[in-house]
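Colleague: One file: query03.csv (CSV, C-alpha atoms).
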chain,number,residue,atom,x,y,z
A,1,MET,CA,-3.2,55.5,39.3
A,2,THR,CA,-2.7,52.1,40.9
A,3,THR,CA,0.8,50.8,40.5
A,4,TYR,CA,2.0,47.3,39.8
A,5,LYS,CA,3.5,47.1,43.3
A,6,GLU,CA,0.2,48.1,44.9
A,7,ILE,CA,-1.5,45.2,43.1
A,8,PHE,CA,1.1,42.5,43.5
A,9,GLY,CA,3.2,43.8,46.4
A,10,LYS,CA,6.4,43.7,44.3
A,11,TYR,CA,8.2,45.9,41.8
A,12,VAL,CA,8.8,44.7,38.2
A,13,LYS,CA,12.3,43.5,38.0
A,14,ASN,CA,14.8,45.0,35.6
A,15,TYR,CA,16.9,42.7,33.3
A,16,SER,CA,19.4,43.7,30.6
A,17,SER,CA,18.5,40.5,28.8
A,18,ASP,CA,15.4,38.3,29.0
A,19,PRO,CA,15.7,35.8,31.9
A,20,SER,CA,15.5,32.0,31.2
A,21,SER,CA,13.0,31.2,33.9
A,22,ASP,CA,9.9,29.2,32.9
A,23,ILE,CA,7.4,30.9,35.1
A,24,GLU,CA,4.2,31.6,33.1
A,25,GLY,CA,3.0,35.1,33.8
A,26,GLN,CA,6.3,36.5,35.0
A,27,ILE,CA,6.7,40.1,34.0
A,28,TRP,CA,10.0,42.1,33.7
A,29,TYR,CA,11.4,45.2,32.2
A,30,ASN,CA,14.1,44.7,29.6
A,31,THR,CA,16.5,47.7,30.0
A,32,THR,CA,18.2,47.0,26.7
A,33,SER,CA,15.1,47.1,24.5
A,34,GLY,CA,13.2,49.4,26.9
A,35,THR,CA,10.1,47.2,26.9
A,36,PHE,CA,8.0,45.3,29.3
A,37,LYS,CA,8.0,41.5,28.7
A,38,SER,CA,6.3,38.4,30.0
A,39,GLN,CA,6.4,34.7,29.8
A,40,VAL,CA,3.2,33.5,28.2
A,41,SER,CA,1.9,30.2,26.8
A,42,LEU,CA,2.3,30.1,23.1
A,43,GLY,CA,-0.3,27.4,22.6
A,44,ALA,CA,-0.1,24.0,20.9
A,45,ALA,CA,0.6,23.8,17.2
A,46,TRP,CA,1.5,21.3,14.5
A,47,SER,CA,4.8,21.4,12.7
A,48,SER,CA,6.2,19.3,9.9
A,49,GLY,CA,8.1,16.1,10.6
A,50,GLY,CA,10.1,13.9,8.4
A,51,ASN,CA,8.3,12.4,5.4
A,52,LEU,CA,7.5,8.7,5.3
A,53,SER,CA,9.4,6.8,2.7
A,54,THR,CA,6.3,4.9,1.6
A,55,GLY,CA,3.2,7.1,1.3
A,56,ARG,CA,0.2,5.1,2.6
A,57,TYR,CA,-3.1,5.2,4.3
A,58,GLN,CA,-5.1,2.7,6.4
A,59,LEU,CA,-1.9,1.9,8.2
A,60,ALA,CA,-1.1,1.1,11.8
A,61,GLY,CA,0.9,3.5,14.0
A,62,PHE,CA,2.0,3.8,17.6
A,63,GLY,CA,4.8,4.8,19.9
A,64,THR,CA,6.0,8.2,20.8
A,65,GLN,CA,6.8,11.4,18.9
A,66,THR,CA,10.5,10.6,19.0
A,67,ALA,CA,10.2,6.8,18.7
A,68,ALA,CA,7.2,5.9,16.5
A,69,LEU,CA,6.4,3.0,14.3
A,70,GLY,CA,4.3,2.9,11.1
A,71,SER,CA,3.5,-0.4,9.5
A,72,CYS,CA,1.4,-1.9,6.6
A,73,GLY,CA,-1.4,0.0,5.0
A,74,TYR,CA,-2.4,0.7,1.5
A,75,ALA,CA,0.3,2.4,-0.7
A,76,THR,CA,-1.2,3.9,-3.9
A,77,SER,CA,-2.5,0.8,-5.4
A,78,SER,CA,-1.7,-2.2,-3.2
A,79,ASN,CA,-1.3,-3.4,0.3
A,80,THR,CA,2.1,-3.0,1.8
A,81,ASN,CA,4.0,-4.8,4.6
A,82,ALA,CA,6.6,-2.0,4.9
A,83,THR,CA,7.5,-0.9,8.4
A,84,GLU,CA,9.1,2.4,9.1
A,85,GLU,CA,10.6,3.7,12.4
A,86,TYR,CA,10.6,7.4,13.3
A,87,ASP,CA,13.3,9.0,15.5
A,88,GLY,CA,11.7,12.4,15.9
A,89,THR,CA,13.4,13.7,12.7
A,90,SER,CA,13.2,11.1,9.9
A,91,TRP,CA,11.7,7.7,9.0
A,92,THR,CA,14.0,4.7,8.3
A,93,ALA,CA,13.0,1.2,7.2
A,94,GLY,CA,12.3,-1.4,9.8
A,95,GLY,CA,11.5,-5.1,9.4
A,96,ASN,CA,8.7,-6.0,7.0
A,97,ALA,CA,5.6,-7.4,8.5
A,98,SER,CA,4.8,-11.0,7.4
A,99,THR,CA,1.4,-10.2,6.0
A,100,SER,CA,0.8,-7.2,3.7
A,101,ARG,CA,-2.5,-5.7,4.9
A,102,ARG,CA,-4.5,-2.5,5.3
A,103,ARG,CA,-7.3,-1.3,7.6
A,104,LEU,CA,-5.4,-3.0,10.5
A,105,SER,CA,-4.7,-1.7,14.0
A,106,GLY,CA,-1.7,-1.6,16.3
A,107,CYS,CA,-0.4,-0.6,19.6
A,108,GLY,CA,2.7,-0.6,21.8
A,109,THR,CA,6.1,0.9,21.3
A,110,GLN,CA,8.7,1.0,18.6
A,111,THR,CA,10.6,-1.9,20.2
A,112,THR,CA,7.6,-3.8,21.5
A,113,GLY,CA,4.9,-3.3,18.9
A,114,LEU,CA,1.8,-5.2,18.0
A,115,ILE,CA,-0.3,-5.2,14.8
A,116,PHE,CA,-3.5,-7.1,14.4
A,117,ALA,CA,-6.4,-7.8,12.1
A,118,GLY,CA,-6.9,-5.9,8.8
A,119,TYR,CA,-7.7,-6.7,5.2
A,120,THR,CA,-5.6,-8.6,2.7
A,121,THR,CA,-7.9,-9.8,0.0
A,122,THR,CA,-10.2,-10.7,2.8
A,123,THR,CA,-10.6,-9.8,6.5
A,124,VAL,CA,-8.0,-11.4,8.7
A,125,SER,CA,-7.5,-12.2,12.4
A,126,SER,CA,-3.7,-12.5,12.4
A,127,THR,CA,-1.4,-10.8,14.9
A,128,GLU,CA,2.3,-9.9,14.7
A,129,GLU,CA,4.7,-8.7,17.4
A,130,TYR,CA,7.6,-6.4,16.7
A,131,ASP,CA,10.9,-6.5,18.7
A,132,GLY,CA,12.5,-3.4,17.2
A,133,SER,CA,13.8,-5.1,14.1
A,134,ALA,CA,11.6,-8.1,13.1
A,135,TRP,CA,8.0,-9.3,13.3
A,136,THR,CA,6.9,-12.7,14.7
A,137,SER,CA,3.4,-14.2,14.8
A,138,GLY,CA,1.2,-13.8,17.8
A,139,GLY,CA,-2.1,-15.3,18.7
A,140,ASN,CA,-5.0,-14.8,16.3
A,141,MET,CA,-8.0,-12.7,17.2
A,142,GLY,CA,-11.2,-14.5,18.0
A,143,THR,CA,-12.9,-12.9,15.0
A,144,ALA,CA,-11.4,-11.7,11.8
A,145,LYS,CA,-12.0,-8.0,11.4
A,146,ASP,CA,-10.8,-4.8,9.9
A,147,THR,CA,-11.0,-1.0,10.4
A,148,LEU,CA,-11.0,-1.5,14.1
A,149,GLY,CA,-9.7,0.7,17.0
A,150,GLY,CA,-6.6,-0.3,18.9
A,151,LEU,CA,-4.8,0.8,22.0
A,152,GLY,CA,-2.5,-0.5,24.8
A,153,THR,CA,0.7,-2.4,24.7
A,154,GLN,CA,2.2,-5.6,23.2
A,155,THR,CA,1.3,-7.6,26.3
A,156,ALA,CA,-1.9,-5.8,27.1
A,157,GLY,CA,-3.5,-4.7,23.9
A,158,LEU,CA,-7.1,-3.9,23.0
A,159,GLY,CA,-9.0,-4.1,19.7
A,160,PHE,CA,-12.5,-2.8,19.4
A,161,GLY,CA,-15.2,-2.4,16.8
A,162,SER,CA,-14.8,-3.2,13.1
A,163,SER,CA,-16.1,-2.4,9.6
A,164,THR,CA,-19.1,-4.6,10.4
A,165,ILE,CA,-20.2,-2.0,13.0
A,166,THR,CA,-19.7,-4.2,15.9
A,167,THR,CA,-19.6,-3.6,19.7
A,168,SER,CA,-17.0,-6.5,20.0
A,169,THR,CA,-13.9,-5.9,22.1
A,170,GLU,CA,-10.9,-8.2,22.4
A,171,GLU,CA,-8.0,-8.1,24.8
A,172,TYR,CA,-4.5,-9.4,24.1
A,173,ASP,CA,-2.2,-10.7,26.9
A,174,GLY,CA,0.9,-11.1,24.9
A,175,SER,CA,0.0,-14.5,23.5
A,176,SER,CA,-3.7,-14.8,23.0
A,177,TRP,CA,-6.9,-12.8,22.5
A,178,SER,CA,-10.0,-13.1,24.7
A,179,GLY,CA,-13.3,-11.3,24.8
A,180,GLY,CA,-13.6,-8.0,26.6
A,181,GLY,CA,-16.6,-5.8,27.4
A,182,ASN,CA,-18.7,-4.6,24.5
A,183,LEU,CA,-18.8,-1.1,23.3
A,184,ASN,CA,-22.0,0.8,24.1
A,185,THR,CA,-22.0,2.1,20.5
A,186,GLY,CA,-21.2,-0.4,17.8
A,187,ARG,CA,-18.8,1.2,15.4
A,188,GLY,CA,-15.9,0.9,13.0
A,189,GLY,CA,-13.1,3.3,12.3
A,190,ALA,CA,-12.7,4.6,15.8
A,191,GLY,CA,-9.7,6.3,17.3
A,192,GLY,CA,-7.9,4.8,20.3
A,193,ALA,CA,-5.6,6.0,23.0
A,194,GLY,CA,-4.4,4.9,26.4
A,195,ILE,CA,-3.8,1.4,27.9
A,196,GLN,CA,-6.0,-1.7,28.3
A,197,THR,CA,-7.1,-0.8,31.8
A,198,GLU,CA,-7.5,3.0,31.1
A,199,GLY,CA,-8.5,3.1,27.4
A,200,LEU,CA,-10.2,5.7,25.3
A,201,GLY,CA,-12.2,5.0,22.1
A,202,PHE,CA,-13.7,7.8,20.2
A,203,GLY,CA,-15.3,8.6,16.9
A,204,GLY,CA,-15.8,6.2,14.1
A,205,TYR,CA,-18.9,5.3,12.1
A,206,THR,CA,-22.1,3.6,12.8
A,207,ALA,CA,-24.5,2.1,10.3
A,208,THR,CA,-25.7,5.5,9.3
A,209,ALA,CA,-23.1,8.2,9.9
A,210,ALA,CA,-19.9,9.2,11.6
A,211,THR,CA,-20.2,9.3,15.3
A,212,ALA,CA,-18.8,11.7,18.0
A,213,ALA,CA,-19.3,9.1,20.7
A,214,THR,CA,-16.5,8.6,23.2
A,215,GLU,CA,-16.1,5.6,25.5
A,216,GLU,CA,-13.7,4.9,28.3
A,217,TYR,CA,-12.5,1.3,29.1
A,218,ASN,CA,-11.5,0.2,32.5
A,219,GLY,CA,-10.2,-3.2,31.7
A,220,THR,CA,-13.6,-4.8,32.0
A,221,SER,CA,-16.3,-2.5,30.5
A,222,TRP,CA,-16.9,0.6,28.5
A,223,THR,CA,-18.6,3.7,29.9
A,224,ASN,CA,-19.6,6.8,27.9
A,225,GLY,CA,-17.4,9.8,28.0
A,226,GLY,CA,-17.8,13.3,26.5
A,227,SER,CA,-18.5,13.4,22.8
A,228,LEU,CA,-16.2,14.9,20.2
A,229,ASN,CA,-17.2,18.3,19.0
A,230,THR,CA,-16.9,17.1,15.4
A,231,ALA,CA,-18.3,13.6,14.6
A,232,ARG,CA,-15.8,11.8,12.4
A,233,GLN,CA,-14.4,8.4,11.4
A,234,GLN,CA,-11.0,7.0,10.7
A,235,LEU,CA,-9.2,9.7,12.7
A,236,GLY,CA,-5.9,9.6,14.4
A,237,GLY,CA,-5.5,9.1,18.1
A,238,ALA,CA,-2.8,9.6,20.7
A,239,GLY,CA,-2.4,10.1,24.4
A,240,THR,CA,-4.1,8.7,27.4
A,241,GLN,CA,-7.6,8.2,28.8
A,242,ASN,CA,-7.4,11.5,30.7
A,243,ALA,CA,-5.3,13.4,28.2
A,244,GLY,CA,-6.3,12.2,24.8
A,245,LEU,CA,-5.8,13.7,21.3
A,246,GLY,CA,-7.9,13.1,18.3
A,247,PHE,CA,-7.1,14.6,14.9
A,248,GLY,CA,-8.1,14.4,11.2
A,249,GLY,CA,-10.6,11.9,10.0
A,250,ASN,CA,-13.6,12.3,7.8
A,251,SER,CA,-17.4,12.5,7.7
A,252,GLY,CA,-18.2,11.0,4.3
A,253,ALA,CA,-16.5,13.1,1.7
A,254,THR,CA,-15.5,15.8,4.1
A,255,VAL,CA,-11.9,15.4,5.4
A,256,PHE,CA,-10.8,17.2,8.5
A,257,THR,CA,-7.8,19.1,9.8
A,258,ASN,CA,-9.5,19.4,13.2
A,259,THR,CA,-7.7,18.5,16.4
A,260,GLU,CA,-9.4,17.9,19.7
A,261,GLU,CA,-8.0,17.4,23.2
A,262,TYR,CA,-9.7,15.2,25.8
A,263,ASN,CA,-9.3,15.9,29.6
A,264,GLY,CA,-11.1,12.8,30.9
A,265,SER,CA,-14.5,14.2,30.5
A,266,SER,CA,-14.8,16.6,27.5
A,267,TRP,CA,-13.1,17.5,24.3
A,268,THR,CA,-11.9,21.0,23.4
A,269,ALA,CA,-10.6,22.2,20.1
A,270,GLY,CA,-6.8,22.2,19.5
A,271,ASN,CA,-4.7,23.7,16.8
A,272,ALA,CA,-5.7,22.3,13.3
A,273,MET,CA,-3.3,20.1,11.3
A,274,THR,CA,-1.9,21.7,8.2
A,275,THR,CA,-3.0,18.8,5.9
A,276,ALA,CA,-6.6,17.5,6.0
A,277,ARG,CA,-6.3,13.8,6.2
A,278,SER,CA,-8.2,10.7,7.0
A,279,GLN,CA,-7.3,7.0,7.5
A,280,LEU,CA,-4.1,8.2,9.0
A,281,ALA,CA,-2.0,6.9,11.9
A,282,GLY,CA,-1.3,8.6,15.3
A,283,ALA,CA,1.2,8.2,18.0
A,284,GLY,CA,2.5,9.9,21.1
A,285,LEU,CA,0.8,12.0,23.8
A,286,GLN,CA,-1.5,14.9,24.0
A,287,THR,CA,1.4,17.2,24.6
A,288,SER,CA,3.7,15.6,21.9
A,289,GLY,CA,1.6,13.9,19.3
A,290,LEU,CA,2.4,12.5,15.9
A,291,ALA,CA,0.3,12.2,12.7
A,292,PHE,CA,1.5,10.5,9.6
A,293,GLY,CA,0.2,9.0,6.4
A,294,GLY,CA,-3.5,9.0,5.4
A,295,GLY,CA,-5.4,10.5,2.5
A,296,ALA,CA,-4.2,9.6,-0.9
A,297,SER,CA,-1.0,7.7,0.2
A,298,LEU,CA,0.4,10.8,2.0
A,299,THR,CA,4.0,10.8,3.1
A,300,ALA,CA,3.6,13.9,5.2
A,301,THR,CA,4.2,13.8,9.0
A,302,GLU,CA,3.1,16.4,11.5
A,303,GLU,CA,4.2,16.8,15.1
A,304,TYR,CA,1.9,18.3,17.8
A,305,THR,CA,3.8,20.3,20.3
A,306,ASN,CA,2.4,21.1,23.7
A,307,PRO,CA,1.9,24.6,24.9
A,308,THR,CA,5.3,26.0,25.4
A,309,LEU,CA,6.3,29.2,27.2
A,310,GLY,CA,7.7,32.0,25.2
A,311,VAL,CA,8.6,35.7,25.7
A,312,LYS,CA,6.2,38.2,24.5
A,313,THR,CA,6.6,42.0,24.5
A,314,ILE,CA,3.8,43.7,26.3
A,315,THR,CA,2.2,46.5,24.3
A,316,THR,CA,-0.7,48.8,24.9
A,317,SER,CA,-2.7,47.3,22.1
B,1,MET,CA,-5.7,43.2,0.6
B,2,ALA,CA,-6.2,39.5,-0.2
B,3,LEU,CA,-6.4,37.2,2.8
B,4,PHE,CA,-4.2,34.5,1.3
B,5,ILE,CA,-1.2,33.9,-0.8
B,6,TYR,CA,-1.3,30.8,-3.1
B,7,GLY,CA,1.7,28.8,-4.2
B,8,THR,CA,3.2,25.4,-4.8
B,9,ALA,CA,6.1,24.0,-2.7
B,10,ILE,CA,7.5,20.6,-2.0
B,11,ASN,CA,7.2,19.5,1.6
B,12,THR,CA,10.8,18.5,2.4
B,13,GLY,CA,9.9,17.1,5.8
B,14,LYS,CA,11.2,18.1,9.3
B,15,ASN,CA,11.0,21.9,9.8
B,16,PHE,CA,9.4,22.5,6.5
B,17,PHE,CA,7.0,24.4,8.6
B,18,THR,CA,7.4,24.9,12.3
B,19,ALA,CA,5.0,25.4,15.2
B,20,GLU,CA,6.1,29.0,15.2
B,21,ASP,CA,5.1,29.3,11.6
B,22,ARG,CA,1.8,27.9,12.4
B,23,ARG,CA,1.3,30.4,15.2
B,24,ASN,CA,2.4,33.3,13.0
B,25,PHE,CA,0.2,32.8,10.0
B,26,PHE,CA,-2.4,30.6,8.4
B,27,LEU,CA,-1.1,27.6,6.6
B,28,ARG,CA,-2.8,24.7,4.8
B,29,SER,CA,-1.7,22.2,2.2
B,30,TYR,CA,-3.8,20.8,-0.6
B,31,PRO,CA,-3.3,18.1,-3.3
B,32,GLY,CA,-0.7,19.0,-5.9
B,33,ASN,CA,1.7,20.5,-3.4
B,34,VAL,CA,-0.5,23.6,-3.3
B,35,TRP,CA,-0.1,25.7,-0.1
B,36,VAL,CA,-2.5,28.5,1.0
B,37,VAL,CA,-0.6,30.9,3.2
B,38,GLY,CA,-1.8,33.8,5.3
B,39,ASN,CA,-1.1,37.0,3.4
B,40,SER,CA,1.4,38.6,5.8
B,41,GLU,CA,5.0,39.5,5.7
B,42,LYS,CA,5.9,36.3,7.6
B,43,GLY,CA,3.7,34.2,5.4
B,44,ALA,CA,5.2,35.6,2.2
B,45,LEU,CA,8.7,35.1,3.5
B,46,TRP,CA,7.9,31.5,4.4
B,47,LEU,CA,6.8,30.7,0.9
B,48,ALA,CA,9.8,32.3,-0.6
B,49,GLU,CA,12.2,30.5,1.7
B,50,LYS,CA,10.6,27.2,0.8
B,51,ASN,CA,11.4,27.8,-2.9
B,52,GLY,CA,7.7,28.1,-3.4
B,53,VAL,CA,6.2,29.2,-6.7
B,54,GLU,CA,3.5,31.8,-6.2
B,55,LYS,CA,0.3,31.2,-8.1
B,56,THR,CA,-2.9,33.1,-8.6
B,57,LYS,CA,-5.8,31.6,-6.8
B,58,ALA,CA,-7.2,30.4,-10.1
B,59,GLU,CA,-3.9,28.7,-11.0
B,60,ALA,CA,-3.7,27.0,-7.6
B,61,GLN,CA,-7.4,25.9,-7.9
B,62,ALA,CA,-6.7,24.4,-11.3
B,63,ILE,CA,-3.8,22.3,-9.9
B,64,VAL,CA,-6.0,21.1,-7.0
B,65,ASP,CA,-8.9,20.3,-9.5
B,66,ALA,CA,-6.6,18.2,-11.7
B,67,GLU,CA,-5.4,16.3,-8.6
B,68,VAL,CA,-8.9,15.6,-7.5
B,69,THR,CA,-9.9,14.5,-11.0
B,70,ALA,CA,-7.0,12.1,-11.1
B,71,ALA,CA,-7.9,10.8,-7.6
B,72,GLN,CA,-11.5,10.3,-8.7
B,73,ALA,CA,-10.3,8.2,-11.7
B,74,VAL,CA,-8.3,6.1,-9.3
B,75,TYR,CA,-11.3,5.6,-7.1
B,76,ASP,CA,-13.5,4.8,-10.0
B,77,ALA,CA,-11.1,2.0,-11.1
B,78,LEU,CA,-11.3,0.3,-7.7
B,79,PRO,CA,-13.1,-3.0,-7.3
B,80,GLU,CA,-16.8,-2.5,-6.4
B,81,ASP,CA,-16.2,-4.0,-3.0
B,82,GLN,CA,-13.9,-1.1,-2.2
B,83,LYS,CA,-16.4,1.5,-2.9
B,84,ASN,CA,-19.4,3.1,-1.3
B,85,ARG,CA,-19.2,1.3,2.0
B,86,PRO,CA,-19.4,3.2,5.2
B,87,GLY,CA,-16.0,4.0,6.5
B,88,PHE,CA,-14.2,2.8,3.4
B,89,ASN,CA,-12.7,5.0,0.7
B,90,GLN,CA,-15.0,7.7,-0.4
B,91,ARG,CA,-14.9,9.1,-3.9
B,92,PRO,CA,-12.8,12.3,-3.6
B,93,THR,CA,-14.9,15.4,-4.0
B,94,ALA,CA,-14.1,18.8,-5.3
B,95,ILE,CA,-12.0,21.0,-3.0
B,96,THR,CA,-12.5,24.7,-3.1
B,97,LEU,CA,-9.6,26.8,-1.9
B,98,PRO,CA,-10.3,29.5,0.7
Starting from the file, give its structure as structure tokens.

Modeller:
Amino acid sequence: MTTYKEIFGKYVKNYSSDPSSDIEGQIWYNTTSGTFKSQVSLGAAWSSGGNLSTGRYQLAGFGTQTAALGSCGYATSSNTNATEEYDGTSWTAGGNASTSRRRLSGCGTQTTGLIFAGYTTTTVSSTEEYDGSAWTSGGNMGTAKDTLGGLGTQTAGLGFGSSTITTSTEEYDGSSWSGGGNLNTGRGGAGGAGIQTEGLGFGGYTATAATAATEEYNGTSWTNGGSLNTARQQLGGAGTQNAGLGFGGNSGATVFTNTEEYNGSSWTAGNAMTTARSQLAGAGLQTSGLAFGGGASLTATEEYTNPTLGVKTITTS
Amino acid sequence: MALFIYGTAINTGKNFFTAEDRRNFFLRSYPGNVWVVGNSEKGALWLAEKNGVEKTKAEAQAIVDAEVTAAQAVYDALPEDQKNRPGFNQRPTAITLP
């Protein structure tokens, strides 16, 4: 019989307790338990985060898994201007936005945030900038719109699409909006990730149905990327153009838990969320994402954890 | 053996369920604080540790149905401009537990 040493040129090391190294695939023999063990990838998964104080959907969300911001949206029966800040464990109240609105979009960080457009009792074009404690007005979008995709930063933001199924894209420079390159597929309710010069727009709805279409923005124009495996609208987005994350959303009355990861050219299935939800907010990265709100004014937050290494006992089964 | 355990439990937030839980057993939440948990030792222990109240599938389904019915009533009371538009709120539909 071929031995391990004959295959790899090394013996399996003996340890009395599991080593703390992070080398995936390393194999050793635990002399205490009398078992062979290995470091293996445990795979990505969602876990629960702290609950929002104000359950809501159609909100704006951005930032990171440990420093996120959620603002505005629709809370049970009315628009809200409430802002909440997440620290990786719990949500606390931030400064209220000036205009209560829903179906808005946003981008940036917890201390340099941007919200724009949305619906009050009518579609609006107004922009607000967050400094970590209070909102001030920014330049108005060229066209009032709602249910649009958003990505980027406070000084280099991007808004695209709208509920009117438009190809329109607008770029923000920290003070004013200007026209950008048009989407190839007109849509509303798209997910967004990345930055203004390396942006990712995906999913949403066209005039007839939810779409799986993905597009990549280079600061000037959109080009088609790989399609989502599950067409859906009003999903959450996080990450970058080459490491994007899409989760939740709906296709008509069907609401999804599905998560998909983008590698710059194609989407692959990730671990499903625990709660099916649409019209939610997303933040963070592909390896450390955050989903919050959505559905029927949900308070629930979920955190997406990247594949981490863990110790597994090797068995014959 | 049944595939799932049904119960109600209040999501208390951070660490209510962990990534390890998600890797160890099936877990989904539904309206009415209903949870469907993979029927395993770890799944059952999780529900018990969360002060969950175990239900029969029929009891859990009834809770979900009541929540959906209430949500449909809320939807039906919305102004017409908030209904039946692509991408806007859709009338909640029945949910069938696995």

Colleague: How close does each residue of chain B get to chain A, giving the shortest atom pair and distance in Å to one decimal for every residue with an atom at most 12 Å away, counting only C-alpha atoms, sorted by chain and residue number, as a Markdown table?

Modeller:
| residue | atom | partner | partner_atom | distance |
| --- | --- | --- | --- | --- |
| B:Ile10 | CA | A:Ala300 | CA | 10.6 |
| B:Asn11 | CA | A:Ala300 | CA | 7.6 |
| B:Thr12 | CA | A:Asn51 | CA | 7.2 |
| B:Gly13 | CA | A:Gly50 | CA | 4.1 |
| B:Lys14 | CA | A:Gly49 | CA | 3.9 |
| B:Asn15 | CA | A:Ser48 | CA | 5.5 |
| B:Phe16 | CA | A:Ser48 | CA | 5.7 |
| B:Phe17 | CA | A:Ser48 | CA | 5.3 |
| B:Thr18 | CA | A:Ser47 | CA | 4.4 |
| B:Ala19 | CA | A:Ser47 | CA | 4.7 |
| B:Glu20 | CA | A:Ala45 | CA | 7.8 |
| B:Asp21 | CA | A:Ser47 | CA | 8.0 |
| B:Arg22 | CA | A:Ala45 | CA | 6.4 |
| B:Arg23 | CA | A:Ala45 | CA | 6.9 |
| B:Asn24 | CA | A:Ala45 | CA | 10.5 |
| B:Phe25 | CA | A:Thr274 | CA | 11.4 |
| B:Phe26 | CA | A:Thr274 | CA | 8.9 |
| B:Leu27 | CA | A:Thr274 | CA | 6.2 |
| B:Arg28 | CA | A:Thr274 | CA | 4.6 |
| B:Ser29 | CA | A:Thr275 | CA | 5.2 |
| B:Tyr30 | CA | A:Thr275 | CA | 6.8 |
| B:Pro31 | CA | A:Ala296 | CA | 8.9 |
| B:Gly32 | CA | A:Ala296 | CA | 11.2 |
| B:Asn33 | CA | A:Thr275 | CA | 10.6 |
| B:Val34 | CA | A:Thr275 | CA | 10.7 |
| B:Trp35 | CA | A:Thr274 | CA | 9.4 |
| B:Val36 | CA | A:Thr274 | CA | 9.9 |
| B:Val37 | CA | A:Thr274 | CA | 10.6 |
| B:Glu67 | CA | A:Ala296 | CA | 10.3 |
| B:Val68 | CA | A:Ala296 | CA | 10.1 |
| B:Ala70 | CA | A:Ala296 | CA | 10.9 |
| B:Ala71 | CA | A:Ala296 | CA | 7.7 |
| B:Gln72 | CA | A:Ala296 | CA | 10.7 |
| B:Val74 | CA | A:Ser77 | CA | 8.8 |
| B:Tyr75 | CA | A:Ser77 | CA | 10.2 |
| B:Ala77 | CA | A:Ser77 | CA | 10.4 |
| B:Leu78 | CA | A:Ser77 | CA | 9.1 |
| B:Pro79 | CA | A:Thr121 | CA | 11.3 |
| B:Asp81 | CA | A:Thr121 | CA | 10.6 |
| B:Gln82 | CA | A:Thr121 | CA | 10.8 |
| B:Asn84 | CA | A:Gly252 | CA | 9.8 |
| B:Arg85 | CA | A:Ser163 | CA | 9.0 |
| B:Pro86 | CA | A:Tyr205 | CA | 7.2 |
| B:Gly87 | CA | A:Tyr205 | CA | 6.4 |
| B:Phe88 | CA | A:Ser163 | CA | 8.3 |
| B:Asn89 | CA | A:Gly252 | CA | 8.9 |
| B:Gln90 | CA | A:Ala253 | CA | 6.0 |
| B:Arg91 | CA | A:Ala253 | CA | 7.1 |
| B:Pro92 | CA | A:Ala253 | CA | 6.5 |
| B:Thr93 | CA | A:Ala253 | CA | 6.4 |
| B:Ala94 | CA | A:Ala253 | CA | 9.3 |
| B:Ile95 | CA | A:Thr254 | CA | 9.5 |
| B:Thr96 | CA | A:Thr254 | CA | 11.8 |

Colleague: Please compute the CA of Ser100 (chain A)-CA of Gly152 (chain A) distance, one decimal, in Å.

Modeller: 22.4 Å

Colleague: One decimal, in Å: what's the spacing between CA of Gln110 (chain A) and CA of Gly61 (chain A)?

Modeller: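 Those two atoms sit 9.4 Å apart.
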
Colleague: When you draw a straight line from CA of Gln65 (chain A) to CA of Thr230 (chain A), how long is it in Å?

Modeller: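 According to the coordinates, CA of Gln65 (chain A) and CA of Thr230 (chain A) are separated by 24.6 Å.
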
Colleague: Taking all atoms listed in the file into account, which of A:Thr92, A:Thr31, A:Thr240, A:Ser41 comes nearest Thr308 (chain A)?

Modeller: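 Ranked by minimum distance to Thr308 (chain A), first place goes to A:Ser41.
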
Colleague: Using all atoms listed in the file, which of B:Ala9, B:Leu97, B:Ala73, B:Ala2 sits nearest Ala60 (chain B)?

Modeller: B:Leu97

Colleague: So that I can check the surroundings of Asn39 (chain B), please list as a ChimeraX atom specification every protein, DNA and RNA residue that reaches within 8 Å of it, counting all atoms listed in the file and ignoring chain neighbours fewer than 4 positions away.

Modeller: /B:2-5,25,43-44

Colleague: Pull the neighbourhood of (3.5, 33.2, -6.1) for me: all residues within 10 Å in file coordinates, counting all atoms listed in the file, as a ChimeraX atom specification.

Modeller: /B:5-8,44,47-48,52-57,59-60
